[in-house]
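What follows is the content of final_11.pdb, which has PDB, C-alpha atoms:
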ATOM      1  CA  ASP A   1     -33.369 -18.330  -7.660  1.00  0.00           C
ATOM      2  CA  GLY A   2     -30.675 -20.797  -6.627  1.00  0.00           C
ATOM      3  CA  PHE A   3     -27.165 -21.983  -7.330  1.00  0.00           C
ATOM      4  CA  ASP A   4     -26.140 -24.532  -9.915  1.00  0.00           C
ATOM      5  CA  ILE A   5     -25.145 -27.689  -8.011  1.00  0.00           C
ATOM      6  CA  ASN A   6     -22.045 -28.111 -10.227  1.00  0.00           C
ATOM      7  CA  VAL A   7     -20.829 -24.644  -9.217  1.00  0.00           C
ATOM      8  CA  ILE A   8     -21.325 -25.447  -5.545  1.00  0.00           C
ATOM      9  CA  LYS A   9     -19.472 -28.775  -5.899  1.00  0.00           C
ATOM     10  CA  SER A  10     -16.479 -27.038  -7.520  1.00  0.00           C
ATOM     11  CA  PHE A  11     -15.918 -24.971  -4.350  1.00  0.00           C
ATOM     12  CA  THR A  12     -14.796 -27.740  -2.037  1.00  0.00           C
ATOM     13  CA  LYS A  13     -11.792 -28.225   0.270  1.00  0.00           C
ATOM     14  CA  LYS A  14     -10.485 -30.735  -2.257  1.00  0.00           C
ATOM     15  CA  ASN A  15     -10.215 -28.121  -5.033  1.00  0.00           C
ATOM     16  CA  PHE A  16      -9.259 -25.185  -2.791  1.00  0.00           C
ATOM     17  CA  PRO A  17      -7.572 -26.605   0.359  1.00  0.00           C
ATOM     18  CA  LYS A  18      -6.323 -23.246   1.741  1.00  0.00           C
ATOM     19  CA  THR A  19      -9.545 -21.295   1.329  1.00  0.00           C
ATOM     20  CA  ARG A  20     -12.932 -21.275   2.928  1.00  0.00           C
ATOM     21  CA  HIS A  21     -15.858 -20.382   0.701  1.00  0.00           C
ATOM     22  CA  LYS A  22     -19.273 -19.310   1.835  1.00  0.00           C
ATOM     23  CA  LEU A  23     -22.220 -18.746  -0.420  1.00  0.00           C
ATOM     24  CA  LYS A  24     -24.471 -15.893   0.650  1.00  0.00           C
ATOM     25  CA  ALA A  25     -28.149 -16.747   0.718  1.00  0.00           C
ATOM     26  CA  GLN A  26     -30.178 -15.487  -2.253  1.00  0.00           C
ATOM     27  CA  THR A  27     -27.180 -13.913  -4.002  1.00  0.00           C
ATOM     28  CA  SER A  28     -24.673 -15.130  -6.523  1.00  0.00           C
ATOM     29  CA  LYS A  29     -21.722 -13.609  -4.633  1.00  0.00           C
ATOM     30  CA  ILE A  30     -18.949 -15.760  -3.206  1.00  0.00           C
ATOM     31  CA  VAL A  31     -17.038 -14.571  -0.143  1.00  0.00           C
ATOM     32  CA  SER A  32     -13.522 -15.953   0.282  1.00  0.00           C
ATOM     33  CA  SER A  33     -11.025 -15.810   3.105  1.00  0.00           C
ATOM     34  CA  PHE A  34      -7.425 -16.889   2.697  1.00  0.00           C
ATOM     35  CA  LYS A  35      -5.068 -18.112   5.389  1.00  0.00           C
ATOM     36  CA  ALA A  36      -1.888 -16.007   5.288  1.00  0.00           C
ATOM     37  CA  PRO A  37       1.418 -17.507   6.400  1.00  0.00           C
ATOM     38  CA  ALA A  38       2.789 -16.260   9.724  1.00  0.00           C
ATOM     39  CA  VAL A  39       5.010 -13.192   9.338  1.00  0.00           C
ATOM     40  CA  SER A  40       7.602 -11.923  11.778  1.00  0.00           C
ATOM     41  CA  CYS A  41       8.352  -8.174  11.956  1.00  0.00           C
ATOM     42  CA  THR A  42      10.835  -6.107  13.919  1.00  0.00           C
ATOM     43  CA  PHE A  43      11.158  -2.361  14.495  1.00  0.00           C
ATOM     44  CA  VAL A  44      14.083  -0.867  12.531  1.00  0.00           C
ATOM     45  CA  ARG A  45      13.784   2.937  12.519  1.00  0.00           C
ATOM     46  CA  GLU A  46      11.276   5.707  13.081  1.00  0.00           C
ATOM     47  CA  TYR A  47      11.049   8.742  10.782  1.00  0.00           C
ATOM     48  CA  LYS A  48       9.566  11.802  12.524  1.00  0.00           C
ATOM     49  CA  GLY A  49       8.787  15.162  11.008  1.00  0.00           C
ATOM     50  CA  HIS A  50       5.293  15.320   9.514  1.00  0.00           C
ATOM     51  CA  ARG A  51       2.618  17.381  11.291  1.00  0.00           C
ATOM     52  CA  ASP A  52      -0.251  15.156  10.117  1.00  0.00           C
ATOM     53  CA  GLY A  53      -0.919  11.580   8.992  1.00  0.00           C
ATOM     54  CA  ILE A  54       1.123   9.765   6.344  1.00  0.00           C
ATOM     55  CA  TRP A  55      -0.864   8.497   3.340  1.00  0.00           C
ATOM     56  CA  ASP A  56       1.866   6.718   1.347  1.00  0.00           C
ATOM     57  CA  VAL A  57       5.439   5.445   1.626  1.00  0.00           C
ATOM     58  CA  GLY A  58       7.859   4.763  -1.236  1.00  0.00           C
ATOM     59  CA  VAL A  59      11.353   3.233  -1.355  1.00  0.00           C
ATOM     60  CA  SER A  60      14.243   3.867  -3.751  1.00  0.00           C
ATOM     61  CA  ASN A  61      17.564   2.030  -4.074  1.00  0.00           C
ATOM     62  CA  ILE A  62      19.097   3.781  -7.094  1.00  0.00           C
ATOM     63  CA  ASN A  63      22.169   5.469  -5.586  1.00  0.00           C
ATOM     64  CA  SER A  64      21.556   5.162  -1.868  1.00  0.00           C
ATOM     65  CA  PRO A  65      18.553   3.721  -0.070  1.00  0.00           C
ATOM     66  CA  LEU A  66      15.857   6.363   0.483  1.00  0.00           C
ATOM     67  CA  VAL A  67      12.364   6.398   1.928  1.00  0.00           C
ATOM     68  CA  GLY A  68       9.743   8.863   0.711  1.00  0.00           C
ATOM     69  CA  THR A  69       6.580   9.802   2.600  1.00  0.00           C
ATOM     70  CA  ALA A  70       3.413  11.571   1.427  1.00  0.00           C
ATOM     71  CA  SER A  71       1.458  13.364   4.131  1.00  0.00           C
ATOM     72  CA  ALA A  72      -1.847  15.046   4.873  1.00  0.00           C
ATOM     73  CA  ASP A  73       0.192  18.061   6.071  1.00  0.00           C
ATOM     74  CA  ARG A  74       0.589  18.993   2.346  1.00  0.00           C
ATOM     75  CA  THR A  75       4.243  17.934   2.213  1.00  0.00           C
ATOM     76  CA  ALA A  76       6.314  15.061   0.889  1.00  0.00           C
ATOM     77  CA  ALA A  77       9.595  14.106   2.526  1.00  0.00           C
ATOM     78  CA  ILE A  78      12.651  12.122   1.441  1.00  0.00           C
ATOM     79  CA  TRP A  79      14.471  10.378   4.282  1.00  0.00           C
ATOM     80  CA  GLY A  80      17.944   8.817   4.499  1.00  0.00           C
ATOM     81  CA  THR A  81      17.465   5.253   5.650  1.00  0.00           C
ATOM     82  CA  ASP A  82      20.829   5.130   7.416  1.00  0.00           C
ATOM     83  CA  SER A  83      20.494   8.407   9.325  1.00  0.00           C
ATOM     84  CA  GLY A  84      16.713   8.562   9.707  1.00  0.00           C
ATOM     85  CA  LYS A  85      16.926  12.284   8.932  1.00  0.00           C
ATOM     86  CA  CYS A  86      14.854  14.253   6.443  1.00  0.00           C
ATOM     87  CA  ILE A  87      17.020  15.028   3.394  1.00  0.00           C
ATOM     88  CA  LEU A  88      14.379  16.960   1.457  1.00  0.00           C
ATOM     89  CA  ARG A  89      10.919  18.341   2.227  1.00  0.00           C
ATOM     90  CA  TYR A  90       8.673  19.244  -0.728  1.00  0.00           C
ATOM     91  CA  VAL A  91       6.029  21.910  -0.011  1.00  0.00           C
ATOM     92  CA  GLY A  92       4.641  22.637  -3.504  1.00  0.00           C
ATOM     93  CA  HIS A  93       1.150  21.124  -3.177  1.00  0.00           C
ATOM     94  CA  GLN A  94      -1.965  23.026  -2.063  1.00  0.00           C
ATOM     95  CA  GLY A  95      -3.714  19.892  -0.761  1.00  0.00           C
ATOM     96  CA  SER A  96      -2.895  16.704   1.068  1.00  0.00           C
ATOM     97  CA  VAL A  97      -0.109  14.709  -0.611  1.00  0.00           C
ATOM     98  CA  ASN A  98      -1.726  11.310  -1.152  1.00  0.00           C
ATOM     99  CA  SER A  99       0.958   9.348  -3.005  1.00  0.00           C
ATOM    100  CA  ILE A 100       4.678   9.242  -3.656  1.00  0.00           C
ATOM    101  CA  LYS A 101       6.509   7.069  -6.203  1.00  0.00           C
ATOM    102  CA  PHE A 102      10.199   6.822  -7.113  1.00  0.00           C
ATOM    103  CA  HIS A 103      11.240   6.334 -10.751  1.00  0.00           C
ATOM    104  CA  PRO A 104      12.781   2.844 -11.071  1.00  0.00           C
ATOM    105  CA  THR A 105      15.976   3.923 -12.885  1.00  0.00           C
ATOM    106  CA  GLN A 106      16.357   7.706 -12.462  1.00  0.00           C
ATOM    107  CA  ASP A 107      16.602  10.159  -9.561  1.00  0.00           C
ATOM    108  CA  LEU A 108      12.993  11.318  -9.956  1.00  0.00           C
ATOM    109  CA  VAL A 109      10.072  11.362  -7.536  1.00  0.00           C
ATOM    110  CA  LEU A 110       6.404  11.779  -8.448  1.00  0.00           C
ATOM    111  CA  THR A 111       3.875  13.050  -5.901  1.00  0.00           C
ATOM    112  CA  GLY A 112       0.089  13.105  -6.247  1.00  0.00           C
ATOM    113  CA  SER A 113      -2.142  15.434  -4.252  1.00  0.00           C
ATOM    114  CA  GLY A 114      -5.755  15.981  -3.295  1.00  0.00           C
ATOM    115  CA  ASP A 115      -5.459  19.369  -5.004  1.00  0.00           C
ATOM    116  CA  GLY A 116      -5.713  17.480  -8.308  1.00  0.00           C
ATOM    117  CA  SER A 117      -2.061  17.831  -9.322  1.00  0.00           C
ATOM    118  CA  ALA A 118       0.953  15.563  -9.726  1.00  0.00           C
ATOM    119  CA  HIS A 119       4.457  16.984  -9.373  1.00  0.00           C
ATOM    120  CA  VAL A 120       7.806  15.543 -10.513  1.00  0.00           C
TER     121      VAL A 120
END
Show me this structure written as structure tokens.
Amino acid sequence: DGFDINVIKSFTKKNFPKTRHKLKAQTSKIVSSFKAPAVSCTFVREYKGHRDGIWDVGVSNINSPLVGTASADRTAAIWGTDSGKCILRYVGHQGSVNSIKFHPTQDLVLTGSGDGSAHV
């Protein structure tokens, strides 16, 4: 049980200069690691108000910039990016709110919960 020499030769620095490939012994799996470019980040604003962890964050720019958060505290919140204040808190789920998505062209928000429901 081995590797085809032509497959091994195709995974060289010449063909993939920004990756490192390792072949695991006695398997046909290939493990890759990629070098990411350096990224610079700065703190802009903090949004406080949930009583438990935040599972998802969404952003909308339709009328005014908004940030939405989905939390394990069973709520979703819509925040004003300029003020940092909670504009709306949704409390309709019976379980943790795991995801939040804004509609790309309309003023609609979709939330998904661990209770098995999605609300618009």
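The residue that comes closest to Asn98 (chain A), out of A:Ser83, A:Val120, A:Val67, A:Ile54 and on the basis of all atoms listed in the file, is A:Ile54.
Comparing A:Ser99, A:Ile78, A:Ser117, A:Gly112 by their smallest distance to Lys48 (chain A), the closest is A:Ile78 (using only C-alpha atoms).
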If you measure from CA of Lys85 (chain A) to CA of Ser64 (chain A), what distance in Å do you get, rounded to one decimal?
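Here the two named atoms are 13.7 Å from each other.
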Running the PyMOL selection byres ((chain A and resi 41-44) around 12) on this model by hand, what would come out? Give it as a ChimeraX atom specification.
/A:38-40,45-47,81-84
Residue subset to file, keeping C-alpha atoms, as an mmCIF file, keeping the file's coordinate frame:
data_model
loop_
_atom_site.group_PDB
_atom_site.id
_atom_site.type_symbol
_atom_site.label_atom_id
_atom_site.label_comp_id
_atom_site.auth_asym_id
_atom_site.auth_seq_id
_atom_site.Cartn_x
_atom_site.Cartn_y
_atom_site.Cartn_z
ATOM 1 C CA ALA A 38 2.789 -16.260 9.724
ATOM 2 C CA VAL A 39 5.010 -13.192 9.338
ATOM 3 C CA SER A 40 7.602 -11.923 11.778
ATOM 4 C CA ARG A 45 13.784 2.937 12.519
ATOM 5 C CA GLU A 46 11.276 5.707 13.081
ATOM 6 C CA TYR A 47 11.049 8.742 10.782
ATOM 7 C CA THR A 81 17.465 5.253 5.650
ATOM 8 C CA ASP A 82 20.829 5.130 7.416
ATOM 9 C CA SER A 83 20.494 8.407 9.325
ATOM 10 C CA GLY A 84 16.713 8.562 9.707
#
Counting all atoms listed in the file, the residue among A:Gly49, A:Phe102, A:His119, A:Ser113 that lies closest to Ile87 (chain A) is A:Gly49
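Picked by the PyMOL selection byres ((chain A and resi 88-91) around 6) from the coordinates shown: Thr75, Ala76, Ala77, Ile78, Cys86, Ile87, Gly92 and His93 of chain A.
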List, as a compact mmCIF listing (two decimals) with C-alpha atoms, in the coordinates of the input, every residue that the PyMOL selection byres ((chain A and resi 74) around 7) selects in the file provided.
# COMPACT_ATOMS: atom_id res chain seq x y z
CA SER A 71 1.46 13.36 4.13
CA ALA A 72 -1.85 15.05 4.87
CA ASP A 73 0.19 18.06 6.07
CA THR A 75 4.24 17.93 2.21
CA VAL A 91 6.03 21.91 -0.01
CA HIS A 93 1.15 21.12 -3.18
CA GLN A 94 -1.96 23.03 -2.06
CA GLY A 95 -3.71 19.89 -0.76
CA SER A 96 -2.90 16.70 1.07
CA VAL A 97 -0.11 14.71 -0.61
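Protein, DNA and RNA residues at most 7 Å from (4.8, 6.7, 1.4), with only C-alpha atoms, are these: A:Ile54, A:Trp55, A:Asp56, A:Val57, A:Gly58, A:Gly68, A:Thr69, A:Ala70, A:Ser99, A:Ile100.
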Counting all atoms listed in the file, the residue of A:Pro37, A:Gly116, A:Gly80, A:Asp107 that sits nearest Ile62 (chain A)
A:Asp107
Å distance separating CA of Gly114 (chain A) from CA of Lys101 (chain A), one decimal place
15.4 Å
For a test of reading the model, state the distance in Å between CA of Pro65 (chain A) and CA of Trp79 (chain A), rounded to one decimal.
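Distance between the two atoms: 8.9 Å.
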Save region 56-69 of chain A of the structure in the block above to a file, with all heavy atoms included, as an mmCIF file, in the first residue's frame.
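To be explicit, this is the file written out as decode-v9.cif:
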data_model
loop_
_atom_site.group_PDB
_atom_site.id
_atom_site.type_symbol
_atom_site.label_atom_id
_atom_site.label_comp_id
_atom_site.auth_asym_id
_atom_site.auth_seq_id
_atom_site.Cartn_x
_atom_site.Cartn_y
_atom_site.Cartn_z
ATOM 1 N N ASP A 56 -23.203 34.090 16.277
ATOM 2 C CA ASP A 56 -23.107 34.558 14.893
ATOM 3 C C ASP A 56 -23.258 36.072 14.862
ATOM 4 O O ASP A 56 -23.902 36.663 15.724
ATOM 5 C CB ASP A 56 -24.195 33.898 14.040
ATOM 6 C CG ASP A 56 -23.958 34.036 12.539
ATOM 7 O OD1 ASP A 56 -22.816 34.329 12.119
ATOM 8 O OD2 ASP A 56 -24.911 33.846 11.769
ATOM 9 N N VAL A 57 -22.666 36.688 13.848
ATOM 10 C CA VAL A 57 -22.757 38.129 13.631
ATOM 11 C C VAL A 57 -23.075 38.351 12.166
ATOM 12 O O VAL A 57 -22.504 37.705 11.286
ATOM 13 C CB VAL A 57 -21.427 38.835 13.989
ATOM 14 C CG1 VAL A 57 -21.490 40.313 13.662
ATOM 15 C CG2 VAL A 57 -21.082 38.625 15.456
ATOM 16 N N GLY A 58 -24.013 39.269 11.890
ATOM 17 C CA GLY A 58 -24.361 39.626 10.517
ATOM 18 C C GLY A 58 -24.297 41.133 10.348
ATOM 19 O O GLY A 58 -24.406 41.885 11.317
ATOM 20 N N VAL A 59 -24.118 41.590 9.100
ATOM 21 C CA VAL A 59 -24.010 43.020 8.808
ATOM 22 C C VAL A 59 -24.948 43.365 7.670
ATOM 23 O O VAL A 59 -25.069 42.621 6.698
ATOM 24 C CB VAL A 59 -22.560 43.394 8.418
ATOM 25 C CG1 VAL A 59 -22.450 44.863 8.085
ATOM 26 C CG2 VAL A 59 -21.597 43.022 9.525
ATOM 27 N N SER A 60 -25.628 44.521 7.796
ATOM 28 C CA SER A 60 -26.514 45.015 6.748
ATOM 29 C C SER A 60 -26.161 46.460 6.434
ATOM 30 O O SER A 60 -25.834 47.238 7.334
ATOM 31 C CB SER A 60 -27.971 44.948 7.208
ATOM 32 O OG SER A 60 -28.814 45.574 6.264
ATOM 33 N N ASN A 61 -26.258 46.825 5.159
ATOM 34 C CA ASN A 61 -25.991 48.204 4.732
ATOM 35 C C ASN A 61 -27.121 48.746 3.863
ATOM 36 O O ASN A 61 -26.890 49.621 3.047
ATOM 37 C CB ASN A 61 -24.680 48.278 3.945
ATOM 38 C CG ASN A 61 -23.485 48.314 4.848
ATOM 39 O OD1 ASN A 61 -23.497 48.954 5.886
ATOM 40 N ND2 ASN A 61 -22.441 47.612 4.465
ATOM 41 N N ILE A 62 -28.338 48.242 4.027
ATOM 42 C CA ILE A 62 -29.421 48.646 3.128
ATOM 43 C C ILE A 62 -29.776 50.123 3.302
ATOM 44 O O ILE A 62 -29.602 50.906 2.404
ATOM 45 C CB ILE A 62 -30.656 47.750 3.316
ATOM 46 C CG1 ILE A 62 -30.323 46.351 2.844
ATOM 47 C CG2 ILE A 62 -31.843 48.290 2.542
ATOM 48 C CD1 ILE A 62 -31.425 45.360 3.042
ATOM 49 N N ASN A 63 -30.287 50.506 4.446
ATOM 50 C CA ASN A 63 -30.638 51.908 4.691
ATOM 51 C C ASN A 63 -29.601 52.593 5.568
ATOM 52 O O ASN A 63 -29.160 53.688 5.278
ATOM 53 C CB ASN A 63 -32.027 52.007 5.329
ATOM 54 C CG ASN A 63 -33.121 51.581 4.367
ATOM 55 O OD1 ASN A 63 -33.015 51.824 3.177
ATOM 56 N ND2 ASN A 63 -34.126 50.918 4.871
ATOM 57 N N SER A 64 -29.250 51.968 6.646
ATOM 58 C CA SER A 64 -28.185 52.453 7.515
ATOM 59 C C SER A 64 -27.407 51.231 7.982
ATOM 60 O O SER A 64 -27.966 50.146 8.090
ATOM 61 C CB SER A 64 -28.763 53.219 8.708
ATOM 62 O OG SER A 64 -29.573 52.365 9.494
ATOM 63 N N PRO A 65 -26.132 51.400 8.262
ATOM 64 C CA PRO A 65 -25.342 50.226 8.651
ATOM 65 C C PRO A 65 -25.811 49.659 9.989
ATOM 66 O O PRO A 65 -25.965 50.382 10.969
ATOM 67 C CB PRO A 65 -23.916 50.756 8.733
ATOM 68 C CG PRO A 65 -24.018 52.231 8.766
ATOM 69 C CD PRO A 65 -25.334 52.610 8.199
ATOM 70 N N LEU A 66 -26.063 48.346 10.010
ATOM 71 C CA LEU A 66 -26.525 47.647 11.201
ATOM 72 C C LEU A 66 -25.683 46.402 11.421
ATOM 73 O O LEU A 66 -25.175 45.810 10.478
ATOM 74 C CB LEU A 66 -27.986 47.227 11.045
ATOM 75 C CG LEU A 66 -29.023 48.311 10.826
ATOM 76 C CD1 LEU A 66 -30.373 47.694 10.503
ATOM 77 C CD2 LEU A 66 -29.127 49.202 12.058
ATOM 78 N N VAL A 67 -25.591 46.002 12.679
ATOM 79 C CA VAL A 67 -24.945 44.749 13.044
ATOM 80 C C VAL A 67 -25.983 43.913 13.768
ATOM 81 O O VAL A 67 -26.712 44.428 14.622
ATOM 82 C CB VAL A 67 -23.717 44.996 13.954
ATOM 83 C CG1 VAL A 67 -23.175 43.686 14.501
ATOM 84 C CG2 VAL A 67 -22.638 45.744 13.210
ATOM 85 N N GLY A 68 -26.078 42.633 13.420
ATOM 86 C CA GLY A 68 -26.987 41.725 14.101
ATOM 87 C C GLY A 68 -26.190 40.651 14.806
ATOM 88 O O GLY A 68 -25.168 40.185 14.297
ATOM 89 N N THR A 69 -26.638 40.259 16.005
ATOM 90 C CA THR A 69 -25.958 39.214 16.763
ATOM 91 C C THR A 69 -26.950 38.129 17.161
ATOM 92 O O THR A 69 -28.103 38.419 17.472
ATOM 93 C CB THR A 69 -25.276 39.787 18.031
ATOM 94 O OG1 THR A 69 -26.236 40.534 18.785
ATOM 95 C CG2 THR A 69 -24.102 40.663 17.674
#
